[in-house]
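Visitor: Next up, coords-v2.pdb (PDB, C-alpha atoms).
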MODEL        1
ATOM      1  CA  MET G   1      51.621 -38.626  87.804  1.00  0.00           C
ATOM      2  CA  ALA G   2      48.762 -40.477  86.212  1.00  0.00           C
ATOM      3  CA  ILE G   3      45.790 -42.592  87.089  1.00  0.00           C
ATOM      4  CA  PHE G   4      44.970 -44.693  84.059  1.00  0.00           C
ATOM      5  CA  SER G   5      41.775 -46.565  84.902  1.00  0.00           C
ATOM      6  CA  VAL G   6      39.273 -47.361  87.628  1.00  0.00           C
ATOM      7  CA  TYR G   7      37.298 -50.611  87.689  1.00  0.00           C
ATOM      8  CA  VAL G   8      34.577 -51.847  90.034  1.00  0.00           C
ATOM      9  CA  VAL G   9      34.123 -55.623  90.098  1.00  0.00           C
ATOM     10  CA  ASN G  10      31.200 -57.401  91.782  1.00  0.00           C
ATOM     11  CA  LYS G  11      31.562 -60.501  93.947  1.00  0.00           C
ATOM     12  CA  ALA G  12      30.769 -62.789  91.012  1.00  0.00           C
ATOM     13  CA  GLY G  13      33.758 -61.323  89.167  1.00  0.00           C
ATOM     14  CA  GLY G  14      31.730 -59.267  86.702  1.00  0.00           C
ATOM     15  CA  LEU G  15      32.813 -55.797  85.700  1.00  0.00           C
ATOM     16  CA  ILE G  16      30.128 -53.355  86.858  1.00  0.00           C
ATOM     17  CA  TYR G  17      31.992 -50.106  86.170  1.00  0.00           C
ATOM     18  CA  GLN G  18      34.957 -48.995  84.077  1.00  0.00           C
ATOM     19  CA  LEU G  19      36.490 -45.556  83.658  1.00  0.00           C
ATOM     20  CA  ASP G  20      39.543 -44.946  81.507  1.00  0.00           C
ATOM     21  CA  SER G  21      40.792 -41.541  82.576  1.00  0.00           C
ATOM     22  CA  TYR G  22      44.241 -41.320  81.058  1.00  0.00           C
ATOM     23  CA  THR G  23      44.702 -39.537  77.761  1.00  0.00           C
ATOM     24  CA  PRO G  24      48.252 -39.562  76.455  1.00  0.00           C
ATOM     25  CA  ARG G  25      49.829 -36.259  75.625  1.00  0.00           C
ATOM     26  CA  ALA G  26      49.711 -35.394  71.969  1.00  0.00           C
ATOM     27  CA  GLU G  27      53.128 -35.608  70.426  1.00  0.00           C
ATOM     28  CA  ALA G  28      54.234 -33.573  67.460  1.00  0.00           C
ATOM     29  CA  GLU G  29      54.765 -35.603  64.343  1.00  0.00           C
ATOM     30  CA  LYS G  30      58.394 -35.832  63.319  1.00  0.00           C
ATOM     31  CA  THR G  31      59.599 -36.664  59.861  1.00  0.00           C
ATOM     32  CA  PHE G  32      63.040 -37.955  58.970  1.00  0.00           C
ATOM     33  CA  SER G  33      64.842 -38.570  55.757  1.00  0.00           C
ATOM     34  CA  TYR G  34      65.593 -42.138  54.706  1.00  0.00           C
ATOM     35  CA  PRO G  35      67.738 -44.081  55.762  1.00  0.00           C
ATOM     36  CA  LEU G  36      67.692 -43.476  59.481  1.00  0.00           C
ATOM     37  CA  ASP G  37      70.760 -44.008  61.642  1.00  0.00           C
ATOM     38  CA  LEU G  38      68.944 -44.677  64.865  1.00  0.00           C
ATOM     39  CA  LEU G  39      67.855 -47.700  66.810  1.00  0.00           C
ATOM     40  CA  LEU G  40      64.422 -47.687  68.426  1.00  0.00           C
ATOM     41  CA  LYS G  41      63.984 -49.652  71.636  1.00  0.00           C
ATOM     42  CA  LEU G  42      60.769 -50.477  73.382  1.00  0.00           C
ATOM     43  CA  HIS G  43      60.803 -49.644  77.082  1.00  0.00           C
ATOM     44  CA  ASP G  44      58.366 -51.293  79.443  1.00  0.00           C
ATOM     45  CA  GLU G  45      56.312 -48.886  81.500  1.00  0.00           C
ATOM     46  CA  ARG G  46      55.259 -50.267  84.835  1.00  0.00           C
ATOM     47  CA  VAL G  47      51.722 -49.792  86.052  1.00  0.00           C
ATOM     48  CA  LEU G  48      50.674 -49.888  89.691  1.00  0.00           C
ATOM     49  CA  VAL G  49      47.574 -51.974  90.333  1.00  0.00           C
ATOM     50  CA  ALA G  50      45.822 -51.222  93.616  1.00  0.00           C
ATOM     51  CA  PHE G  51      42.943 -53.332  94.874  1.00  0.00           C
ATOM     52  CA  GLY G  52      40.546 -52.099  97.502  1.00  0.00           C
ATOM     53  CA  GLN G  53      37.822 -53.839  99.448  1.00  0.00           C
ATOM     54  CA  ARG G  54      35.988 -52.120 102.239  1.00  0.00           C
ATOM     55  CA  ASP G  55      34.384 -53.884 105.195  1.00  0.00           C
ATOM     56  CA  GLY G  56      30.931 -52.449 104.548  1.00  0.00           C
ATOM     57  CA  ILE G  57      30.477 -54.056 101.148  1.00  0.00           C
ATOM     58  CA  ARG G  58      31.602 -57.662 100.927  1.00  0.00           C
ATOM     59  CA  GLY G  59      32.651 -58.876  97.523  1.00  0.00           C
ATOM     60  CA  ILE G  60      32.821 -55.523  95.722  1.00  0.00           C
ATOM     61  CA  LYS G  61      36.368 -54.774  94.562  1.00  0.00           C
ATOM     62  CA  PHE G  62      37.720 -51.400  93.495  1.00  0.00           C
ATOM     63  CA  VAL G  63      40.704 -51.562  91.138  1.00  0.00           C
ATOM     64  CA  VAL G  64      42.871 -48.565  90.254  1.00  0.00           C
ATOM     65  CA  LEU G  65      45.573 -48.692  87.573  1.00  0.00           C
ATOM     66  CA  ALA G  66      48.068 -45.897  88.189  1.00  0.00           C
ATOM     67  CA  ASP G  67      51.626 -44.756  87.694  1.00  0.00           C
ATOM     68  CA  PRO G  68      53.819 -46.309  90.421  1.00  0.00           C
ATOM     69  CA  ARG G  69      54.943 -42.822  91.466  1.00  0.00           C
ATOM     70  CA  GLN G  70      51.366 -41.688  92.107  1.00  0.00           C
ATOM     71  CA  ALA G  71      50.951 -40.918  95.793  1.00  0.00           C
ATOM     72  CA  GLY G  72      47.812 -41.397  97.858  1.00  0.00           C
ATOM     73  CA  ILE G  73      46.333 -44.474  96.180  1.00  0.00           C
ATOM     74  CA  ASP G  74      44.990 -45.860  99.477  1.00  0.00           C
ATOM     75  CA  SER G  75      43.183 -42.610 100.228  1.00  0.00           C
ATOM     76  CA  LEU G  76      41.899 -42.536  96.638  1.00  0.00           C
ATOM     77  CA  LEU G  77      40.434 -46.029  97.115  1.00  0.00           C
ATOM     78  CA  ARG G  78      38.705 -44.823 100.308  1.00  0.00           C
ATOM     79  CA  LYS G  79      37.325 -41.840  98.373  1.00  0.00           C
ATOM     80  CA  ILE G  80      36.056 -44.127  95.573  1.00  0.00           C
ATOM     81  CA  TYR G  81      34.314 -46.282  98.195  1.00  0.00           C
ATOM     82  CA  GLU G  82      32.727 -43.152  99.666  1.00  0.00           C
ATOM     83  CA  ILE G  83      31.527 -42.035  96.221  1.00  0.00           C
ATOM     84  CA  TYR G  84      30.171 -45.545  95.521  1.00  0.00           C
ATOM     85  CA  SER G  85      28.301 -45.518  98.840  1.00  0.00           C
ATOM     86  CA  ASP G  86      26.885 -42.028  98.348  1.00  0.00           C
ATOM     87  CA  PHE G  87      25.897 -42.096  94.691  1.00  0.00           C
ATOM     88  CA  ALA G  88      25.364 -45.737  93.728  1.00  0.00           C
ATOM     89  CA  LEU G  89      24.146 -47.520  96.852  1.00  0.00           C
ATOM     90  CA  LYS G  90      21.875 -44.671  97.959  1.00  0.00           C
ATOM     91  CA  ASN G  91      20.345 -44.442  94.487  1.00  0.00           C
ATOM     92  CA  PRO G  92      16.872 -46.055  94.673  1.00  0.00           C
ATOM     93  CA  PHE G  93      17.154 -47.197  91.036  1.00  0.00           C
ATOM     94  CA  TYR G  94      20.460 -49.046  91.518  1.00  0.00           C
ATOM     95  CA  SER G  95      20.450 -52.790  92.218  1.00  0.00           C
ATOM     96  CA  LEU G  96      23.447 -54.331  93.944  1.00  0.00           C
ATOM     97  CA  GLU G  97      25.718 -56.350  91.623  1.00  0.00           C
ATOM     98  CA  MET G  98      24.355 -54.556  88.537  1.00  0.00           C
ATOM     99  CA  PRO G  99      26.324 -52.153  86.286  1.00  0.00           C
ATOM    100  CA  ILE G 100      26.604 -48.643  87.701  1.00  0.00           C
ATOM    101  CA  ARG G 101      24.750 -46.167  85.491  1.00  0.00           C
ATOM    102  CA  CYS G 102      24.604 -42.996  87.566  1.00  0.00           C
ATOM    103  CA  GLU G 103      25.586 -39.562  86.285  1.00  0.00           C
ATOM    104  CA  LEU G 104      26.448 -38.240  89.760  1.00  0.00           C
ATOM    105  CA  PHE G 105      28.722 -41.226  90.380  1.00  0.00           C
ATOM    106  CA  ASP G 106      30.540 -40.523  87.095  1.00  0.00           C
ATOM    107  CA  GLN G 107      30.924 -36.810  87.787  1.00  0.00           C
ATOM    108  CA  ASN G 108      32.177 -37.230  91.352  1.00  0.00           C
ATOM    109  CA  LEU G 109      34.572 -40.030  90.424  1.00  0.00           C
ATOM    110  CA  LYS G 110      36.096 -37.935  87.632  1.00  0.00           C
ATOM    111  CA  LEU G 111      36.443 -35.005  90.026  1.00  0.00           C
ATOM    112  CA  ALA G 112      38.137 -37.237  92.628  1.00  0.00           C
ATOM    113  CA  LEU G 113      40.584 -38.536  90.016  1.00  0.00           C
ATOM    114  CA  GLU G 114      41.452 -34.982  88.929  1.00  0.00           C
ATOM    115  CA  VAL G 115      42.084 -33.978  92.539  1.00  0.00           C
ATOM    116  CA  ALA G 116      44.195 -37.086  93.138  1.00  0.00           C
ATOM    117  CA  GLU G 117      46.331 -36.463  90.069  1.00  0.00           C
ATOM    118  CA  LYS G 118      46.906 -32.801  90.915  1.00  0.00           C
ATOM    119  CA  ALA G 119      47.386 -33.050  94.674  1.00  0.00           C
ATOM    120  CA  GLY G 120      48.703 -36.585  94.954  1.00  0.00           C
ATOM    121  CA  THR G 121      46.770 -37.265  98.157  1.00  0.00           C
ATOM    122  CA  PHE G 122      43.404 -36.765  99.816  1.00  0.00           C
ATOM    123  CA  GLY G 123      43.203 -35.071 103.152  1.00  0.00           C
ATOM    124  CA  PRO G 124      40.870 -36.227 105.918  1.00  0.00           C
ATOM    125  CA  GLY G 125      38.253 -33.606 105.045  1.00  0.00           C
ATOM    126  CA  SER G 126      37.950 -34.290 101.326  1.00  0.00           C
TER     127      SER G 126
ENDMDL
END
Go ahead and render the structure in this file as structure tokens.

Guide:
Amino acid sequence: MAIFSVYVVNKAGGLIYQLDSYTPRAEAEKTFSYPLDLLLKLHDERVLVAFGQRDGIRGIKFVVLADPRQAGIDSLLRKIYEIYSDFALKNPFYSLEMPIRCELFDQNLKLALEVAEKAGTFGPGS
């Protein structure tokens, strides 16, 4: 499963945080002789878009782009809100509605995404 991106949008609609976490697997280069007897078709890959808004912070939206088969997106959104509350809002140098520039926020968000991709869900104690 994969979580592609996380976005935090303020109430004015401005992007205050963006994290692109998905790196495609490296594929081996294949060479063929000319002419080829195959037909290449483009297949659409669906992406799940999950929006989250918590009652404590009006107007702030958390957006997660993930594989539709990824489990536990709702609990991931709750975890992102918790990380935002702990490391952005409690930071004395952070102003509400401004871009999030906090190393601890980045580190904990990346860790939460790794856990979500491996486990699929967050338990109540995480």

Visitor: Find the residues around Leu109 in chain G up to 10 Å (only C-alpha atoms counted), leave out those fewer than 6 positions away in its own chain, and share them as a PyMOL selection string.

Guide: chain G and resi 6+19+76+79-84+87+103+115

Visitor: Measuring between all atoms listed in the file, which one of G:Ser85, G:Ser95, G:Ser21, G:Ser75 shows the shortest distance to Leu111 in chain G?

Guide: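 Answer, going by the shortest atom-to-atom distance: G:Ser21.
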
Visitor: Quick one: distance from CA of Ser5 in chain G to CA of Asp67 in chain G in Å, one decimal?

Guide: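 One can read the CA of Ser5 in chain G to CA of Asp67 in chain G distance as 10.4 Å.
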
Visitor: What separation in Å, quoted to one decimal, exists between CA of Val63 in chain G and CA of Ile3 in chain G?

Guide: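 If I compute the distance from CA of Val63 in chain G to CA of Ile3 in chain G, I get 11.1 Å.
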
Visitor: So, with all atoms listed in the file as the atoms that count, which of G:Phe4, G:Ala71, G:Asp20, G:Arg58 lies closest to Ala116 in chain G?

Guide: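 Of the candidates, the smallest distance to Ala116 in chain G is held by G:Ala71.
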
Visitor: Would you mind listing what lies within 6 Å of Ile60 in chain G as a ChimeraX atom specification, with all atoms listed in the file counted and same-chain residues fewer than 3 positions away left out?

Guide: /G:9-11

Visitor: Taking C-alpha atoms for each residue, export the selection above as a JSON list (two decimals), keeping the file's coordinate frame.

Guide:
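New file out17.json:
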[["chain", "number", "residue", "atom", "x", "y", "z"],
["G", 9, "VAL", "CA", 34.12, -55.62, 90.10],
["G", 10, "ASN", "CA", 31.20, -57.40, 91.78],
["G", 11, "LYS", "CA", 31.56, -60.50, 93.95]]

Visitor: With all atoms listed in the file as the atoms that count, which of G:Glu114, G:Asp86, G:Asp74, G:Asp106 lies nearest to Phe62 in chain G?

Guide: G:Asp74

Visitor: By how many Å are CA of Pro92 in chain G and CA of Tyr7 in chain G apart?

Guide: 22.1 Å

Visitor: Rank nothing, just name the residue among G:Leu89, G:Glu97, G:Leu104, G:Leu77 nearest to Gly13 in chain G, using only C-alpha atoms.

Guide: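 Among G:Leu89, G:Glu97, G:Leu104, G:Leu77, it is G:Glu97 that comes nearest to Gly13 in chain G.
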
Visitor: Name the residues that the PyMOL selection byres ((chain G and resi 70) around 8) picks from the file above, as a short mmCIF file (atom, residue, chain, number, x, y, z; two decimals) with C-alpha atoms, keeping the file's coordinate frame, using the file's chain letters and numbers.

Guide:
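That gives us out_29.cif:
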data_model
loop_
_atom_site.label_atom_id
_atom_site.label_comp_id
_atom_site.auth_asym_id
_atom_site.auth_seq_id
_atom_site.Cartn_x
_atom_site.Cartn_y
_atom_site.Cartn_z
CA MET G 1 51.62 -38.63 87.80
CA ALA G 2 48.76 -40.48 86.21
CA ILE G 3 45.79 -42.59 87.09
CA ALA G 66 48.07 -45.90 88.19
CA ASP G 67 51.63 -44.76 87.69
CA PRO G 68 53.82 -46.31 90.42
CA ARG G 69 54.94 -42.82 91.47
CA ALA G 71 50.95 -40.92 95.79
CA GLY G 72 47.81 -41.40 97.86
CA ILE G 73 46.33 -44.47 96.18
CA GLU G 117 46.33 -36.46 90.07
CA GLY G 120 48.70 -36.58 94.95
#

Visitor: Rank G:Lys118, G:Pro99, G:Val64, G:Ala88 by their smallest atom-to-atom distance to Leu15 in chain G, using all atoms listed in the file, and report the top residue only.

Guide: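 The closest residue to Leu15 in chain G is G:Pro99.
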
Visitor: Assuming 4 Å of padding per side, give the centre and edge lengths of the axis-aligned box around every listed atom of range 85-97 of chain G, in Å to one decimal and as AutoDock Vina command-line options.

Guide:
--center_x 22.6 --center_y -49.2 --center_z 94.9 --size_x 19.4 --size_y 22.3 --size_z 15.8
